[in-house]
Amino acid sequence: MTASDLSPLGTPWLCFEDLAVGLKRQSATRTVTEAEIVEFARAYDPQWFHTDPEAARASVFGQVVASGIHVLALWRQLDHTINSDIDFVCGVGWEHLRLKRAVRAGDTIYVTSEIIGLEPSRSGKARGTAVTRYAVLLDDGTECVTFESINLVYTREGRSRVAGGK
């Protein structure tokens with residue numbers, strides 16, 4: 001087995017044929033800090049209730065809360081710890097994105113994924129489409145963000161082409 005045969009997780013790549021509807025995964029937890037909420041928001045979503053702890057006390061949230069974009073960036077980090085062994089070509093869309101509950105400083109979050117649909121390529125290309133339901137949850141199981149992600153995944157034939165440089 002060569003290095004290109006291994007995913008970033010150090011395990012063999014999972015190709016389209018290796019996936020199954022119902023495959024569930026869960027990340028480790030991560031605690032979100034006020035400092036990172038403020039820092040991210042100042043750079044990417046500078047609304048006062050994300051960037052100003054004092055002013056945010058007067059908001060509907062009563063404190064600074066993470067921007068939805070920040071929570072999605074945290075999802076991306078955590079998802080890589082559980083799904084970077086799937087041989088993705090690329091993502092092609094999200095559906096049913098819901099921001100259900102604000103993420104606050106001190107919240108401990110984790111990510112779950114479940115494959116809910118698989119469809120082989122209709123064009124004969126060496127890939128298929130996987131639809132995954134994702135959730136960002138608090139450590140008590142409360143869902144903060146949910147969505148379905150549509151991704152192209154290499155088949156074994158596609159993986160051999162990538163590994164062979166074709």
# chains A, B, ... in the order shown; residues from 1 in each chain; ligands from 1
call {"tool": "select_by_dssp", "arguments": {"residues": "range 71-125 of chain A", "states": "strand (DSSP E or B)", "output": "list in words"}}
result
Ile86, Phe88, Val89, Cys90, Gly91, Val92, Gly93, Trp94, Glu95, His96, Leu97, Arg98, Leu99, Arg104, Thr108, Ile109, Tyr110, Val111, Thr112, Ser113, Glu114, Ile115, Ile116, Gly117, Leu118, Glu119 and Pro120 of chain A
call {"tool": "write_last_selection", "arguments": {"atoms": "C-alpha atoms", "output": "short mmCIF file (atom, residue, chain, number, x, y, z; two decimals), in the first residue's frame"}}
result
data_model
loop_
_atom_site.label_atom_id
_atom_site.label_comp_id
_atom_site.auth_asym_id
_atom_site.auth_seq_id
_atom_site.Cartn_x
_atom_site.Cartn_y
_atom_site.Cartn_z
CA ILE A 86 -14.27 9.39 1.78
CA PHE A 88 -14.78 13.06 -2.56
CA VAL A 89 -14.46 14.65 -5.99
CA CYS A 90 -16.21 17.80 -4.74
CA GLY A 91 -19.33 19.14 -3.13
CA VAL A 92 -22.07 20.35 -5.46
CA GLY A 93 -24.66 21.79 -3.09
CA TRP A 94 -26.46 22.01 0.22
CA GLU A 95 -30.16 21.68 0.79
CA HIS A 96 -32.45 22.31 3.74
CA LEU A 97 -29.90 24.38 5.71
CA ARG A 98 -31.38 25.35 9.07
CA LEU A 99 -29.83 27.45 11.83
CA ARG A 104 -22.71 30.57 22.46
CA THR A 108 -19.46 22.24 23.53
CA ILE A 109 -20.39 21.01 20.06
CA TYR A 110 -19.92 17.94 17.90
CA VAL A 111 -20.87 16.87 14.38
CA THR A 112 -22.84 13.90 13.10
CA SER A 113 -23.16 12.66 9.55
CA GLU A 114 -25.47 10.10 8.00
CA ILE A 115 -25.52 9.05 4.37
CA ILE A 116 -29.15 9.27 3.28
CA GLY A 117 -28.82 8.74 -0.48
CA LEU A 118 -26.48 7.22 -3.05
CA GLU A 119 -26.84 7.43 -6.82
CA PRO A 120 -24.39 6.11 -9.43
#
call {"tool": "select_by_dssp", "arguments": {"residues": "chain A", "states": "alpha helix (DSSP H)", "output": "PyMOL selection string"}}
result
chain A and resi 34-44+48-51+53-56+68-83+156-163
call {"tool": "residues_around", "arguments": {"residues": "Arg161 in chain A", "least_positions_apart": "5", "cutoff": "12 Å", "atoms": "only C-alpha atoms", "output": "list in words"}}
result
Ser4, Asp5, Lys125, Ala126, Arg127, Tyr154, Thr155, Arg156 and Lys166 of chain A
call {"tool": "closest_residue", "arguments": {"among": "A:Ala58, A:Val162, A:Ala130, A:Cys144", "to": "Leu23 in chain A", "atoms": "only C-alpha atoms"}}
result
A:Ala130
call {"tool": "closest_residue", "arguments": {"among": "A:Gly22, A:Gly141, A:Gly128, A:Gly62", "to": "Arg159 in chain A", "atoms": "only C-alpha atoms"}}
result
A:Gly128
call {"tool": "residues_around", "arguments": {"residues": "Ser59 in chain A", "least_positions_apart": "5", "cutoff": "12 Å", "atoms": "only C-alpha atoms", "output": "list in words"}}
result
Gln47, Trp48, Phe49, His50, Thr51, Asp52, Pro53, Glu54, Val64 and Val65 of chain A
call {"tool": "write_last_selection", "arguments": {"atoms": "C-alpha atoms", "output": "PDB file, in the first residue's frame"}}
result
ATOM      1  CA  GLN A  47     -22.455  42.273  13.304  1.00  0.00           C
ATOM      2  CA  TRP A  48     -22.466  43.813  16.776  1.00  0.00           C
ATOM      3  CA  PHE A  49     -23.992  40.793  18.516  1.00  0.00           C
ATOM      4  CA  HIS A  50     -21.060  38.688  17.218  1.00  0.00           C
ATOM      5  CA  THR A  51     -18.271  41.213  17.864  1.00  0.00           C
ATOM      6  CA  ASP A  52     -19.123  43.273  20.944  1.00  0.00           C
ATOM      7  CA  PRO A  53     -19.616  41.305  24.175  1.00  0.00           C
ATOM      8  CA  GLU A  54     -20.871  44.336  26.101  1.00  0.00           C
ATOM      9  CA  VAL A  64     -22.176  37.222  21.783  1.00  0.00           C
ATOM     10  CA  VAL A  65     -23.098  34.262  19.627  1.00  0.00           C
TER      11      VAL A  65
END
call {"tool": "closest_residue", "arguments": {"among": "A:Phe147, A:Phe16, A:Phe40, A:Tyr134", "to": "Ala66 in chain A", "atoms": "only C-alpha atoms"}}
result
A:Phe40
call {"tool": "atom_distance", "arguments": {"atom1": "CA of Thr129 in chain A", "atom2": "CA of Ser149 in chain A"}}
result
10.2 Å
